[in-house]
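Heads up: the structure comes next, in structure tokens.
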Amino acid sequence: MVLEFVPAEELAGLIVAKLRRPEELWDMSAPALKTMDLVGEVPSVAPPYDLIELIFFAYRDFVSEADLVLGSYGFGRAHHRVLHFVDRLPGLTIAELLDILRITKQSLNRVLRDLVEGGFIEQRAGVSDRRRRLLVTTRRGQTLARELARVQGDRVSQALAGAGLDARETVQRFLSGMVSRDDRDHVLELVARGRANGSHV
């Protein structure tokens, strides 16, 4: 008996798509396996293109107004992210900020230098370990961070108002679900810390 080679990826697909019982495989020849029609028999779920595209456009407009404010200082979105989290979580270390932003230390150093030299952020020695550098916003940094938050917060508030009474909780659950499962608890803890650290919501 001559057996015809069937590529592994084709064979795996055939087994999953067509065989009701594993033993059926042994009763079928290679040509029969290769001629089986898989198209239309394997159920597929279309990507949620409407949501993907709405997320894209929502993010585009969410950052656009803040970009205008940042541009007047010669800053970009990387400066905004650093300034935001240092303002919300005063006393952050470099290592903690790197973990939040998931950027290289070189990239962070460049952005942080701009913010420190511009008088928006300062580095303080740790209390228990003076070698640790803790990041805090200056009064100037707080003003800019909260102006950016106000601009973006207005857009979020308007969208929530148009979405119904229970929209905030639903949106929170949705956005939490978009965060990687491995990092979700940590992210929610950071959000709670930010809420507890300042008088601004």
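In the structure tokens, chains take letters A, B, ... by order of appearance, with residues numbered from 1 within each chain and ligands from 1 in the order shown.
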Margin query: If we count only C-alpha atoms and set the cut-off at 9 Å, which residues sit around Leu148 of chain A, ignoring sequence neighbours fewer than 3 positions away in its own chain? Please answer as a list of chain:residue names.
Written below: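 Counting only the stated atoms, we get A:Glu65, A:Ala66, A:Asp67, A:Val69, A:Leu70, A:His80, A:His84, A:Thr143, A:Leu144, A:Ala145, A:Val151, A:Gln152, A:Gly153.
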Note to self: Would you compute the distance between atom CA of Ala167 of chain A and atom CA of Asp182 of chain A? Give it in Å to one decimal.
What the structure shows: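 Distance between the two atoms: 25.6 Å.
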Check: Nearest to Val136 of chain A: which of A:Gly118, A:Pro48, A:Gly177, A:Pro90 is it, counting only C-alpha atoms?
Finding: A:Pro90
Wanna dump the segment 84-110 of chain A-segment 187-195 of chain A contacts at 10 Å for me, each residue with its shortest atom pair and the distance in Å to one decimal, counting only C-alpha atoms, ordered by chain and number, as JSON lines?
```
{"residue": "A:Phe85", "atom": "CA", "partner": "A:Gly194", "partner_atom": "CA", "distance": 8.2}
{"residue": "A:Val86", "atom": "CA", "partner": "A:Gly194", "partner_atom": "CA", "distance": 9.6}
{"residue": "A:Asp87", "atom": "CA", "partner": "A:Gly194", "partner_atom": "CA", "distance": 8.6}
{"residue": "A:Arg88", "atom": "CA", "partner": "A:Gly194", "partner_atom": "CA", "distance": 4.8}
{"residue": "A:Leu89", "atom": "CA", "partner": "A:Gly194", "partner_atom": "CA", "distance": 5.5}
{"residue": "A:Pro90", "atom": "CA", "partner": "A:Gly194", "partner_atom": "CA", "distance": 8.8}
{"residue": "A:Ile100", "atom": "CA", "partner": "A:Val187", "partner_atom": "CA", "distance": 8.4}
```
For the residues in the current selection, export N, CA and C atoms as a short mmCIF file (atom, residue, chain, number, x, y, z; two decimals), in the first residue's frame.
```
data_model
loop_
_atom_site.label_atom_id
_atom_site.label_comp_id
_atom_site.auth_asym_id
_atom_site.auth_seq_id
_atom_site.Cartn_x
_atom_site.Cartn_y
_atom_site.Cartn_z
N PHE A 85 1.04 60.00 35.97
CA PHE A 85 1.20 59.00 37.02
C PHE A 85 2.02 59.50 38.19
N VAL A 86 2.96 60.39 37.96
CA VAL A 86 3.70 60.97 39.08
C VAL A 86 2.78 61.86 39.90
N ASP A 87 1.86 62.56 39.24
CA ASP A 87 0.91 63.40 39.98
C ASP A 87 -0.09 62.55 40.76
N ARG A 88 -0.56 61.47 40.17
CA ARG A 88 -1.54 60.61 40.83
C ARG A 88 -0.92 59.73 41.90
N LEU A 89 0.34 59.37 41.72
CA LEU A 89 1.02 58.45 42.65
C LEU A 89 2.32 59.08 43.12
N PRO A 90 2.23 60.16 43.90
CA PRO A 90 3.45 60.85 44.35
C PRO A 90 4.36 59.92 45.14
N ILE A 100 4.91 50.60 35.06
CA ILE A 100 3.61 51.11 34.64
C ILE A 100 3.59 51.41 33.15
#
```
Checklist line | Which of A:Tyr49, A:Phe62, A:Phe75, A:Phe57 sits closest to Val156 of chain A [using only C-alpha atoms] | finding: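 Counting only C-alpha atoms, the residue closest to Val156 of chain A is A:Phe62.
Straight-line separation from atom CA of Leu68 of chain A to atom CA of Glu147 of chain A: 11.8 Å.
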Note to self: Just to confirm, what's the straight-line distance from atom CA of Ser64 of chain A to atom CA of Gly76 of chain A in Å (one decimal)?
What the structure shows: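 Spanning atom CA of Ser64 of chain A to atom CA of Gly76 of chain A is a straight-line distance of 11.0 Å.
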